$ cat coords-v6.cif   # mmCIF, C-alpha atoms
data_work
loop_
_atom_site.label_atom_id
_atom_site.label_comp_id
_atom_site.auth_asym_id
_atom_site.auth_seq_id
_atom_site.Cartn_x
_atom_site.Cartn_y
_atom_site.Cartn_z
CA MET A 159 0.00 0.00 0.00
CA ILE A 160 2.78 2.41 0.91
CA ALA A 161 4.74 1.54 -2.24
CA VAL A 162 1.68 2.28 -4.37
CA ALA A 163 1.04 5.59 -2.58
CA LEU A 164 4.67 6.64 -2.96
CA GLY A 165 4.79 5.30 -6.51
CA MET A 166 2.04 7.74 -7.52
CA ILE A 167 4.06 10.81 -6.46
CA LEU A 168 7.80 10.27 -6.04
CA PRO A 169 8.84 8.97 -9.47
CA GLY A 170 7.27 11.94 -11.23
CA ALA A 171 8.71 14.47 -8.81
CA PHE A 172 12.26 13.16 -8.49
CA HIS A 173 12.81 10.60 -11.24
CA LEU A 174 13.83 7.98 -8.74
CA GLU A 175 14.49 4.40 -9.66
CA LEU A 176 12.48 1.38 -8.54
CA ASN A 177 15.10 0.30 -5.99
CA GLU A 178 14.98 3.75 -4.34
CA LEU A 179 11.18 3.65 -4.23
CA LEU A 180 11.26 0.19 -2.67
CA LEU A 181 13.91 1.24 -0.15
CA ILE A 182 11.80 4.17 1.03
CA SER A 183 8.64 2.03 1.05
CA LEU A 184 10.20 -0.81 3.04
CA SER A 185 11.82 1.58 5.49
CA LEU A 186 8.57 3.44 6.00
CA THR A 187 6.62 0.21 6.44
CA ALA A 188 9.06 -1.20 8.97
CA LEU A 189 9.36 2.03 10.94
CA THR A 190 5.61 2.73 11.12
CA TYR A 191 3.93 -0.68 11.28
CA PHE A 192 5.41 -1.97 14.52
CA PRO A 193 5.13 1.14 16.70
CA GLY A 194 1.97 2.48 15.04
CA ASP A 195 -0.22 -0.44 14.04
CA LEU A 196 0.89 -3.02 16.57
CA PHE A 197 1.61 -0.90 19.62
CA ILE A 198 -0.15 2.47 19.56
CA PHE A 199 -3.30 1.32 17.76
CA ARG A 200 -3.81 -1.64 20.06
CA MET A 201 -2.72 -0.07 23.34
CA ILE A 202 -3.78 3.56 23.30
CA GLY A 203 -7.13 4.89 24.38
CA ASP A 204 -10.32 3.12 25.26
CA GLN A 205 -10.90 -0.13 23.41
CA SER A 206 -14.56 0.84 23.05
CA ASP A 207 -13.64 3.98 21.06
CA PRO A 208 -11.94 2.76 17.86
CA ASP A 209 -12.29 6.10 16.10
CA LYS A 210 -10.19 7.89 18.75
CA ARG A 211 -7.49 5.23 18.47
CA ASN A 212 -7.61 5.52 14.70
CA VAL A 213 -7.17 9.31 14.79
CA ILE A 214 -4.19 9.08 17.16
CA THR A 215 -2.51 6.29 15.23
CA THR A 216 -3.13 7.90 11.85
CA ALA A 217 -1.68 11.20 13.09
CA PHE A 218 1.39 9.31 14.37
CA ASP A 219 1.74 7.56 11.00
CA ALA A 220 1.38 10.85 9.11
CA VAL A 221 4.09 12.63 11.09
CA LEU A 222 6.43 9.66 10.92
CA ALA A 223 5.78 9.19 7.18
CA PHE A 224 6.53 12.84 6.50
CA LEU A 225 9.78 12.73 8.48
CA ILE A 226 10.99 9.46 6.96
CA ILE A 227 10.21 10.49 3.38
CA TRP A 228 11.80 13.90 3.91
CA ILE A 229 14.97 12.55 5.57
CA MET A 230 15.41 9.71 3.07
CA GLY A 231 14.71 12.17 0.25
CA GLU A 232 17.48 14.42 1.53
CA ILE A 233 19.83 11.45 1.46
CA LEU A 234 18.78 9.88 -1.86
CA PHE A 235 17.93 12.81 -4.13
CA SER A 236 20.60 15.15 -5.42
CA HIS A 237 18.19 18.07 -5.57
CA ASP A 238 15.57 18.91 -2.98
CA ASP A 239 13.35 21.36 -4.85
CA GLY A 240 9.91 20.78 -3.41
CA LEU A 241 10.96 17.85 -1.23
CA ILE A 242 9.05 19.13 1.79
CA THR A 243 5.89 19.64 -0.28
CA VAL A 244 6.17 16.23 -1.93
CA SER A 245 6.85 14.61 1.47
CA LEU A 246 3.74 16.29 2.87
CA ILE A 247 1.58 15.17 -0.07
CA CYS A 248 2.85 11.61 0.28
CA ALA A 249 2.20 11.68 4.03
CA VAL A 250 -1.40 12.81 3.46
CA ILE A 251 -2.02 10.08 0.87
CA ILE A 252 -0.48 7.45 3.15
CA SER A 253 -2.57 8.73 6.07
CA VAL A 254 -5.80 8.27 4.13
CA CYS A 255 -4.73 4.72 3.25
CA GLU A 256 -3.68 4.08 6.87
CA TRP A 257 -7.08 5.30 8.15
CA ILE A 258 -8.77 2.66 5.98
CA PHE A 259 -6.21 0.02 6.99
CA HIS A 260 -6.79 0.74 10.69
CA LYS A 261 -10.55 0.34 10.19
CA TYR A 262 -9.87 -3.03 8.58
CA LEU A 263 -7.56 -4.08 11.42
CA ASP A 264 -10.06 -3.02 14.05
CA TYR A 265 -13.10 -4.71 12.57
CA TYR A 266 -11.65 -7.80 10.90
CA VAL A 267 -8.35 -8.68 12.58
CA PHE A 268 -8.27 -7.49 16.18
CA ASP A 269 -12.03 -7.89 16.73
CA GLN A 270 -11.87 -11.51 15.53
CA LYS A 271 -8.98 -12.28 17.90
CA GLN A 272 -10.83 -10.71 20.81
CA HIS A 273 -13.97 -12.67 19.91
CA ARG A 274 -12.02 -15.96 19.76
CA ASN A 275 -10.31 -15.24 23.10
CA ALA A 276 -13.64 -14.41 24.75
CA THR A 277 -15.19 -17.73 23.67
CA HIS A 278 -12.35 -19.85 25.07
#
$ encode --input "coords-v6.cif" --output "structure tokens"
Amino acid sequence: MIAVALGMILPGAFHLELNELLLISLSLTALTYFPGDLFIFRMIGDQSDPDKRNVITTAFDAVLAFLIIWIMGEILFSHDDGLITVSLICAVIISVCEWIFHKYLDYYVFDQKQHRNATH
């Protein structure tokens, strides 16, 4: 999902190669999934208020996505014209996708595990 979101923006803005796109995508996935989706989303807030957890986790993912894309962009791209703007656009697109992904996790993954644990 992140690779697709980044693939819509970064290649046109910076003419990066596939290996650079995959490097940013894999780094972003690894650095946001574990703390955001597995820790913050599951542990923060009231379990009965999934929307609040989703807002907090999506905001965390957006900030982290922006910072990672911006920092890796500074390292990988020889010119940084518009890097902050492109990083922000990518972070917004990823955040929308993450919002949907968190809804999926909450209703189909974590809810099913909680239901199975409650019946045992």
$ closest_residue --input "coords-v6.cif" --among "A:Phe192, A:Trp228, A:Phe235, A:Tyr265" --to "Thr215 of chain A" --atoms "all atoms listed in the file"
A:Phe192
$ closest_residue --input "coords-v6.cif" --among "A:Ala223, A:Phe197, A:Leu263, A:Gly165" --to "Leu180 of chain A" --atoms "only C-alpha atoms"
A:Gly165
$ closest_residue --input "coords-v6.cif" --among "A:Leu181, A:Val250, A:Val213, A:Leu234" --to "Ile167 of chain A" --atoms "all atoms listed in the file"
A:Val250
$ resolve_selection --input "coords-v6.cif" --expression "the PyMOL selection byres ((chain A and resi 240) around 12)" --output "list in words"
Ile167, Leu168, Ala171, Phe172, Trp228, Gly231, Glu232, Phe235, His237, Asp238, Asp239, Leu241, Ile242, Thr243, Val244, Ser245, Leu246 and Ile247 of chain A
$ atom_distance --input "coords-v6.cif" --atom1 "atom CA of Phe199 of chain A" --atom2 "atom CA of Glu178 of chain A"
28.8 Å
$ residues_around --input "coords-v6.cif" --residues "Leu189 of chain A" --least-positions-apart "6" --cutoff "10 Å" --atoms "all atoms listed in the file" --output "list in words"
Ser183, Asp219, Leu222, Ala223 and Ile226 of chain A
